[in-house]
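Asker: Have a peek at input_14.pdb (PDB, C-alpha atoms).
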ATOM      1  CA  MET A1480      15.512   3.416  23.540
ATOM      2  CA  ASN A1481      13.996   6.812  22.883
ATOM      3  CA  LYS A1482      10.279   6.352  22.351
ATOM      4  CA  LYS A1483       9.651   9.814  21.007
ATOM      5  CA  SER A1484      11.793   9.443  17.910
ATOM      6  CA  LEU A1485      11.524   6.989  15.042
ATOM      7  CA  ASP A1486      12.889   3.502  15.558
ATOM      8  CA  GLU A1487      15.750   2.105  13.471
ATOM      9  CA  MET A1488      13.626   0.583  10.719
ATOM     10  CA  GLN A1489      11.559   3.742  10.412
ATOM     11  CA  THR A1490      14.708   5.878  10.224
ATOM     12  CA  GLN A1491      16.109   3.744   7.414
ATOM     13  CA  ARG A1492      12.865   3.902   5.477
ATOM     14  CA  LYS A1493      12.517   7.649   6.033
ATOM     15  CA  ASN A1494      16.032   8.268   4.734
ATOM     16  CA  LYS A1495      15.420   6.144   1.648
ATOM     17  CA  ILE A1496      12.106   7.832   0.858
ATOM     18  CA  GLY A1497      13.623  11.277   1.520
ATOM     19  CA  ASN A1498      16.472  10.638  -0.907
ATOM     20  CA  GLN A1499      14.100   9.417  -3.595
ATOM     21  CA  SER A1500      11.724  12.358  -3.101
ATOM     22  CA  PHE A1501      14.587  14.839  -3.241
ATOM     23  CA  LEU A1502      15.802  13.347  -6.520
ATOM     24  CA  MET A1503      12.255  13.406  -7.870
ATOM     25  CA  LEU A1504      12.005  17.094  -6.961
ATOM     26  CA  LEU A1505      15.327  17.799  -8.668
ATOM     27  CA  TYR A1506      14.358  15.952 -11.855
ATOM     28  CA  LEU A1507      10.924  17.580 -12.014
ATOM     29  CA  LEU A1508      12.424  21.061 -11.608
ATOM     30  CA  MET A1509      15.058  20.327 -14.263
ATOM     31  CA  PHE A1510      12.393  18.902 -16.566
ATOM     32  CA  ASP A1511      10.310  22.027 -16.037
ATOM     33  CA  ALA A1512      13.301  24.266 -16.766
ATOM     34  CA  GLY A1513      14.031  22.224 -19.894
ATOM     35  CA  LEU A1514      10.457  22.544 -21.117
ATOM     36  CA  ASN A1515      10.615  26.276 -20.459
ATOM     37  CA  SER A1516      13.793  26.675 -22.477
ATOM     38  CA  PHE A1517      12.162  24.817 -25.365
ATOM     39  CA  GLY A1518       9.365  27.373 -25.263
ATOM     40  CA  PHE A1519       6.728  25.140 -23.725
ATOM     41  CA  ARG A1520       5.032  26.752 -20.713
ATOM     42  CA  TRP A1521       2.538  24.454 -19.095
ATOM     43  CA  VAL A1522       1.893  26.924 -16.211
ATOM     44  CA  SER A1523       3.292  30.404 -15.632
ATOM     45  CA  TYR A1524       6.253  30.963 -13.299
ATOM     46  CA  PRO A1525       5.327  30.903  -9.604
ATOM     47  CA  ALA A1526       2.606  28.313 -10.102
ATOM     48  CA  ASN A1527       4.801  25.694 -11.788
ATOM     49  CA  VAL A1528       7.343  25.656  -8.956
ATOM     50  CA  MET A1529       4.593  25.608  -6.333
ATOM     51  CA  ILE A1530       2.857  22.708  -8.051
ATOM     52  CA  ILE A1531       6.087  20.723  -8.337
ATOM     53  CA  LEU A1532       6.916  21.405  -4.667
ATOM     54  CA  SER A1533       3.403  20.418  -3.583
ATOM     55  CA  ILE A1534       3.521  17.186  -5.591
ATOM     56  CA  SER A1535       6.973  16.245  -4.292
ATOM     57  CA  SER A1536       6.180  17.002  -0.657
ATOM     58  CA  GLY A1537       2.811  15.282  -0.968
ATOM     59  CA  VAL A1538       4.382  12.151  -2.409
ATOM     60  CA  TYR A1539       7.004  12.275   0.359
ATOM     61  CA  VAL A1540       4.454  12.486   3.176
ATOM     62  CA  VAL A1541       2.104   9.869   1.716
ATOM     63  CA  ARG A1542       4.995   7.451   1.178
ATOM     64  CA  LEU A1543       6.258   8.098   4.720
ATOM     65  CA  VAL A1544       2.866   7.250   6.162
ATOM     66  CA  SER A1545       2.356   4.208   3.953
ATOM     67  CA  ALA A1546       5.795   2.943   5.037
ATOM     68  CA  ASN A1547       4.877   3.621   8.678
ATOM     69  CA  ALA A1548       7.816   5.981   9.083
ATOM     70  CA  PHE A1549       5.927   9.145   9.983
ATOM     71  CA  VAL A1550       5.256   8.691  13.685
ATOM     72  CA  GLY A1551       7.598   6.922  16.066
ATOM     73  CA  PRO A1552       6.665   4.291  18.638
ATOM     74  CA  SER A1553       4.518   5.749  21.375
ATOM     75  CA  THR A1554       2.534   4.255  24.202
ATOM     76  CA  GLU A1555      -0.020   7.062  24.116
ATOM     77  CA  LYS A1556      -2.903   6.829  21.707
ATOM     78  CA  GLU A1557      -2.995  10.022  19.727
ATOM     79  CA  LYS A1558      -5.839  11.493  17.728
ATOM     80  CA  PRO A1559      -3.975  13.488  15.106
ATOM     81  CA  PHE A1560      -6.953  14.525  12.973
ATOM     82  CA  LEU A1561      -8.015  17.479  15.096
ATOM     83  CA  LYS A1562      -4.429  18.558  15.608
ATOM     84  CA  VAL A1563      -3.625  18.416  11.902
ATOM     85  CA  PHE A1564      -6.883  20.130  10.987
ATOM     86  CA  LEU A1565      -6.240  22.979  13.424
ATOM     87  CA  ILE A1566      -2.690  23.418  12.152
ATOM     88  CA  MET A1567      -3.941  23.564   8.565
ATOM     89  CA  MET A1568      -6.591  26.127   9.473
ATOM     90  CA  LEU A1569      -3.951  28.174  11.289
ATOM     91  CA  ALA A1570      -1.672  27.981   8.226
ATOM     92  CA  ALA A1571      -4.481  29.178   5.970
ATOM     93  CA  ALA A1572      -5.299  32.022   8.386
ATOM     94  CA  VAL A1573      -1.650  33.088   8.541
ATOM     95  CA  SER A1574      -1.474  33.028   4.729
ATOM     96  CA  VAL A1575      -4.532  35.263   4.428
ATOM     97  CA  ALA A1576      -3.285  37.611   7.165
ATOM     98  CA  THR A1577       0.120  37.899   5.473
ATOM     99  CA  LEU A1578      -1.514  38.682   2.158
ATOM    100  CA  VAL A1579      -3.772  41.334   3.681
ATOM    101  CA  LEU A1580      -0.864  42.885   5.585
ATOM    102  CA  LEU A1581       1.302  43.020   2.479
ATOM    103  CA  LYS A1582      -1.461  44.623   0.463
ATOM    104  CA  ASN A1583      -2.183  47.241   3.107
ATOM    105  CA  ALA A1584       1.436  47.978   4.024
ATOM    106  CA  SER A1585       2.617  51.424   2.975
ATOM    107  CA  PHE A1586       5.952  50.148   1.689
ATOM    108  CA  SER A1587       4.299  47.757  -0.720
ATOM    109  CA  ASN A1588       2.596  48.603  -3.968
ATOM    110  CA  ALA A1589      -0.572  46.565  -4.315
ATOM    111  CA  ASN A1590      -0.355  46.699  -8.107
ATOM    112  CA  GLN A1591       2.953  44.916  -8.037
ATOM    113  CA  MET A1592       1.556  42.011  -6.106
ATOM    114  CA  ASP A1593       1.537  38.913  -8.190
ATOM    115  CA  GLU A1594      -2.001  38.103  -9.201
ATOM    116  CA  MET A1595      -1.348  34.432  -8.667
ATOM    117  CA  ALA A1596      -0.194  34.815  -5.055
ATOM    118  CA  ALA A1597      -3.600  34.684  -3.383
ATOM    119  CA  PRO A1598      -4.999  31.674  -5.253
ATOM    120  CA  LEU A1599      -1.662  29.893  -4.849
ATOM    121  CA  MET A1600      -1.766  30.285  -1.098
ATOM    122  CA  PHE A1601      -5.271  28.867  -0.957
ATOM    123  CA  ILE A1602      -4.401  26.063  -3.334
ATOM    124  CA  THR A1603      -1.345  25.191  -1.230
ATOM    125  CA  ALA A1604      -3.412  25.139   1.966
ATOM    126  CA  GLY A1605      -6.056  23.028   0.204
ATOM    127  CA  VAL A1606      -3.451  20.577  -1.053
ATOM    128  CA  ALA A1607      -1.987  20.352   2.454
ATOM    129  CA  ILE A1608      -5.416  19.503   3.887
ATOM    130  CA  VAL A1609      -5.978  16.849   1.218
ATOM    131  CA  ILE A1610      -2.549  15.357   1.992
ATOM    132  CA  ALA A1611      -3.258  15.345   5.731
ATOM    133  CA  VAL A1612      -6.612  13.603   5.289
ATOM    134  CA  THR A1613      -5.102  11.084   2.865
ATOM    135  CA  THR A1614      -2.331  10.216   5.294
ATOM    136  CA  ILE A1615      -4.802   9.685   8.129
ATOM    137  CA  VAL A1616      -6.937   7.402   5.948
ATOM    138  CA  ILE A1617      -3.889   5.405   4.846
ATOM    139  CA  ASN A1618      -2.755   5.062   8.451
ATOM    140  CA  ARG A1619      -6.120   3.709   9.563
ATOM    141  CA  ILE A1620      -6.327   1.238   6.689
ATOM    142  CA  GLN A1621      -2.795   0.069   7.423
ATOM    143  CA  ASN A1622      -3.475  -0.394  11.125
ATOM    144  CA  LYS A1623      -6.526  -2.513  10.342
ATOM    145  CA  LYS A1624      -4.600  -4.613   7.827
ATOM    146  CA  ASP A1625      -1.604  -5.188  10.118
ATOM    147  CA  LYS A1626      -3.587  -6.327  13.143
ATOM    148  CA  GLU A1627      -2.492  -9.671  14.420
TER     149      GLU A1627
ATOM    150  CA  MET B 847      15.563 -13.295   3.972
ATOM    151  CA  SER B 848      13.636 -16.187   5.459
ATOM    152  CA  LYS B 849      11.001 -15.852   8.141
ATOM    153  CA  ASN B 850      12.200 -15.785  11.728
ATOM    154  CA  LEU B 851      10.043 -18.536  13.189
ATOM    155  CA  LYS B 852      12.287 -18.833  16.255
ATOM    156  CA  LEU B 853      11.353 -15.342  17.320
ATOM    157  CA  LYS B 854       7.696 -16.062  16.744
ATOM    158  CA  SER B 855       7.773 -19.273  18.783
ATOM    159  CA  ALA B 856       9.788 -17.673  21.611
ATOM    160  CA  ARG B 857       7.262 -14.870  21.712
ATOM    161  CA  ALA B 858       4.383 -17.321  21.774
ATOM    162  CA  ALA B 859       6.087 -19.321  24.541
ATOM    163  CA  LYS B 860       6.220 -16.185  26.645
ATOM    164  CA  ASP B 861       2.606 -15.446  25.762
ATOM    165  CA  MET B 862       3.546 -12.036  24.426
ATOM    166  CA  SER B 863       2.076 -10.189  21.470
ATOM    167  CA  GLN B 864       4.117  -8.271  18.926
ATOM    168  CA  LYS B 865       2.898  -5.100  20.573
ATOM    169  CA  ASN B 866       4.147  -6.239  24.013
ATOM    170  CA  ILE B 867       7.642  -6.866  22.695
ATOM    171  CA  ALA B 868       7.618  -3.679  20.649
ATOM    172  CA  ASP B 869       6.704  -1.623  23.714
ATOM    173  CA  ALA B 870       9.348  -3.378  25.802
ATOM    174  CA  VAL B 871      12.181  -2.684  23.366
ATOM    175  CA  GLY B 872      10.961   0.739  22.185
ATOM    176  CA  VAL B 873      10.121   0.086  18.556
ATOM    177  CA  THR B 874       6.884  -0.051  16.594
ATOM    178  CA  ARG B 875       4.849  -3.232  16.276
ATOM    179  CA  GLN B 876       5.433  -3.083  12.523
ATOM    180  CA  THR B 877       9.187  -3.404  13.093
ATOM    181  CA  ILE B 878       8.731  -6.606  15.114
ATOM    182  CA  ASN B 879       6.349  -7.865  12.445
ATOM    183  CA  ALA B 880       8.924  -7.100   9.723
ATOM    184  CA  ILE B 881      11.630  -8.971  11.670
ATOM    185  CA  GLU B 882       9.386 -12.020  12.088
ATOM    186  CA  ASN B 883       8.520 -11.988   8.399
ATOM    187  CA  GLY B 884      12.138 -11.586   7.354
ATOM    188  CA  ASP B 885      11.501  -8.188   5.771
ATOM    189  CA  TYR B 886      13.911  -6.311   8.002
ATOM    190  CA  ASN B 887      17.391  -7.114   9.280
ATOM    191  CA  PRO B 888      17.662  -5.614  12.804
ATOM    192  CA  THR B 889      20.783  -4.079  14.320
ATOM    193  CA  ILE B 890      22.679  -5.942  17.020
ATOM    194  CA  ASN B 891      21.312  -3.505  19.634
ATOM    195  CA  LEU B 892      17.735  -4.379  18.784
ATOM    196  CA  CYS B 893      18.557  -8.084  18.627
ATOM    197  CA  THR B 894      20.020  -8.040  22.133
ATOM    198  CA  ALA B 895      17.092  -6.002  23.442
ATOM    199  CA  ILE B 896      14.633  -8.557  22.039
ATOM    200  CA  CYS B 897      16.672 -11.428  23.465
ATOM    201  CA  ARG B 898      16.668  -9.829  26.913
ATOM    202  CA  VAL B 899      12.905  -9.419  26.842
ATOM    203  CA  LEU B 900      12.408 -13.039  25.786
ATOM    204  CA  ASP B 901      15.112 -14.449  28.131
ATOM    205  CA  LYS B 902      16.936 -16.013  25.200
ATOM    206  CA  THR B 903      20.390 -15.750  23.702
ATOM    207  CA  LEU B 904      21.252 -14.344  20.290
ATOM    208  CA  ASN B 905      21.960 -17.868  19.084
ATOM    209  CA  ASP B 906      18.542 -19.051  20.191
ATOM    210  CA  ILE B 907      16.678 -16.522  18.117
ATOM    211  CA  PHE B 908      18.846 -15.056  15.415
ATOM    212  CA  TRP B 909      21.305 -17.774  14.438
ATOM    213  CA  GLU B 910      20.356 -19.379  11.122
ATOM    214  CA  GLU B 911      21.325 -22.990  10.550
ATOM    215  CA  GLU B 912      22.655 -23.697   7.059
TER     216      GLU B 912
END
Any chance you could give the structure as structure tokens?

Answerer:
Amino acid sequence: MNKKSLDEMQTQRKNKIGNQSFLMLLYLLMFDAGLNSFGFRWVSYPANVMIILSISSGVYVVRLVSANAFVGPSTEKEKPFLKVFLIMMLAAAVSVATLVLLKNASFSNANQMDEMAAPLMFITAGVAIVIAVTTIVINRIQNKKDKE
Amino acid sequence: MSKNLKLKSARAAKDMSQKNIADAVGVTRQTINAIENGDYNPTINLCTAICRVLDKTLNDIFWEEE
């Protein structure tokens, strides 16, 4: 059997959690659209979608880890914290670089840039870091609990 | 689903841990644990792989008497 991919139980669990998370995302977006059409704006446009996406993806990842369906069977002992942390830092750096490039580009008008874009990017990176740390903590707790 | 005590005893007879079997058949230890606890119904491929590792037949480990 392929040791790099998920095993059969993990695949089943991942599919189930993915379906549920997708439906949750759909219902949250529809609920948000419904609230908007009734005139209730809890957060202005780009932020509401970003928040809903962050919540849905966060719930998806945390549930995957708690169901032990995030990493497949492997004989090597990995230390994912540093890897995840570096990836998150890289993502934040790319976000900042993109923002700076867009603002300085001649074809773009800085005044037209959405004021929420910069904080949103930082918030998204921050949420991603929180999710990554949470998943690592859950994984460690689970490994301790499951020991024979 | 009831607990699979036959698997547990066959594993113990071979002096193997859940991790040993999991590594041998290419699944996670949690999957073997779920099978032993009756929380997961494995495919026939995984059943045969486990039987091969434990030198048992499918009947020995996975057949449930009524």

Asker: Could you name the residues that touch Ala880 in chain B at 10 Å or less, counting all atoms listed in the file, but leaving out those on the same chain fewer than 5 positions away, as a PDB file with C-alpha atoms, keeping the file's coordinate frame?

Answerer:
ATOM      1  CA  MET A1488      13.626   0.583  10.719  1.00  0.00           C
TER       2      MET A1488
ATOM      3  CA  LYS B 849      11.001 -15.852   8.141  1.00  0.00           C
ATOM      4  CA  ASN B 850      12.200 -15.785  11.728  1.00  0.00           C
ATOM      5  CA  ARG B 875       4.849  -3.232  16.276  1.00  0.00           C
ATOM      6  CA  ASP B 885      11.501  -8.188   5.771  1.00  0.00           C
ATOM      7  CA  TYR B 886      13.911  -6.311   8.002  1.00  0.00           C
ATOM      8  CA  ASN B 887      17.391  -7.114   9.280  1.00  0.00           C
ATOM      9  CA  PRO B 888      17.662  -5.614  12.804  1.00  0.00           C
TER      10      PRO B 888
END

Asker: Please list as JSON, numbers by chain every residue within 9 Å of Ala1571 in chain A, counting all atoms listed in the file and excluding residues in the same chain fewer than 4 positions away.

Answerer: {"A": [1566, 1567, 1575, 1576, 1600, 1601, 1603, 1604, 1605]}

Asker: Restricting the output to C-alpha atoms, write the selected residues as a PDB file, in the frame of the given file.

Answerer:
ATOM      1  CA  ILE A1566      -2.690  23.418  12.152  1.00  0.00           C
ATOM      2  CA  MET A1567      -3.941  23.564   8.565  1.00  0.00           C
ATOM      3  CA  VAL A1575      -4.532  35.263   4.428  1.00  0.00           C
ATOM      4  CA  ALA A1576      -3.285  37.611   7.165  1.00  0.00           C
ATOM      5  CA  MET A1600      -1.766  30.285  -1.098  1.00  0.00           C
ATOM      6  CA  PHE A1601      -5.271  28.867  -0.957  1.00  0.00           C
ATOM      7  CA  THR A1603      -1.345  25.191  -1.230  1.00  0.00           C
ATOM      8  CA  ALA A1604      -3.412  25.139   1.966  1.00  0.00           C
ATOM      9  CA  GLY A1605      -6.056  23.028   0.204  1.00  0.00           C
TER      10      GLY A1605
END

Asker: In terms of the shortest atom-to-atom distance over only C-alpha atoms, which of A:Val1579, A:Leu1561, A:Val1544, A:Ser1523 is closest to Asn1622 in chain A?

Answerer: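 For Asn1622 in chain A, the nearest of the given residues is A:Val1544.
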
Asker: Could you please tell me, as a list in words, which residues of chain B have an atom within 6 Å of chain A when using all atoms listed in the file?

Answerer: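 Interface list for chain B against chain A: Gly872, Val873 and Thr874 of chain B.
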
Asker: Any idea what the distance is between CA of Asn866 in chain B and CA of Lys854 in chain B?

Answerer: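 About the pair CA of Asn866 in chain B and CA of Lys854 in chain B: they are 12.7 Å apart.
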
Asker: Check what the PyMOL selection byres ((chain B and resi 864) around 10) selects in the file above and give those residues as a PyMOL selection string.

Answerer: (chain A and resi 1626-1627) or (chain B and resi 854+857-858+862-863+865-870+874-879+882)

Asker: Given only C-alpha atoms as the basis, pick out the residue of A:Ala1512, A:Phe1549, A:Phe1519, A:Leu1565 nearest to Ile1531 in chain A.

Answerer: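 Among A:Ala1512, A:Phe1549, A:Phe1519, A:Leu1565, it is A:Ala1512 that comes nearest to Ile1531 in chain A.
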
Asker: Please expand the PyMOL selection byres ((chain B and resi 903-906) around 9) into the concrete residues it hits in this file, giving the result as a list in words.

Answerer: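 So the PyMOL selection byres ((chain B and resi 903-906) around 9) ends up selecting Lys852, Leu853, Ala856, Cys893, Thr894, Ile896, Cys897, Arg898, Leu900, Asp901, Lys902, Ile907, Phe908, Trp909 and Glu910 of chain B.
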
Asker: I need the residue nearest Leu851 in chain B from this list: B:Ile881, B:Val871, B:Val899, B:Leu892. Use only C-alpha atoms for the distance.

Answerer: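 Going through B:Ile881, B:Val871, B:Val899, B:Leu892 one by one, the smallest distance to Leu851 in chain B is for B:Ile881.
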
Asker: Hey, can you check how far CA of Arg1619 in chain A sits from CA of Ser1545 in chain A?

Answerer: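 Between these atoms lies a distance of 10.2 Å.
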
Asker: One number please: CA of Arg1492 in chain A to CA of Thr889 in chain B, in Å, one decimal.

Answerer: 14.3 Å

Asker: Go through the shown structure with the PyMOL selection byres ((chain A and resi 1611) around 9) and write out the matching residues as a PyMOL selection string.

Answerer: chain A and resi 1540-1541+1560+1563-1564+1567+1606-1610+1612-1616
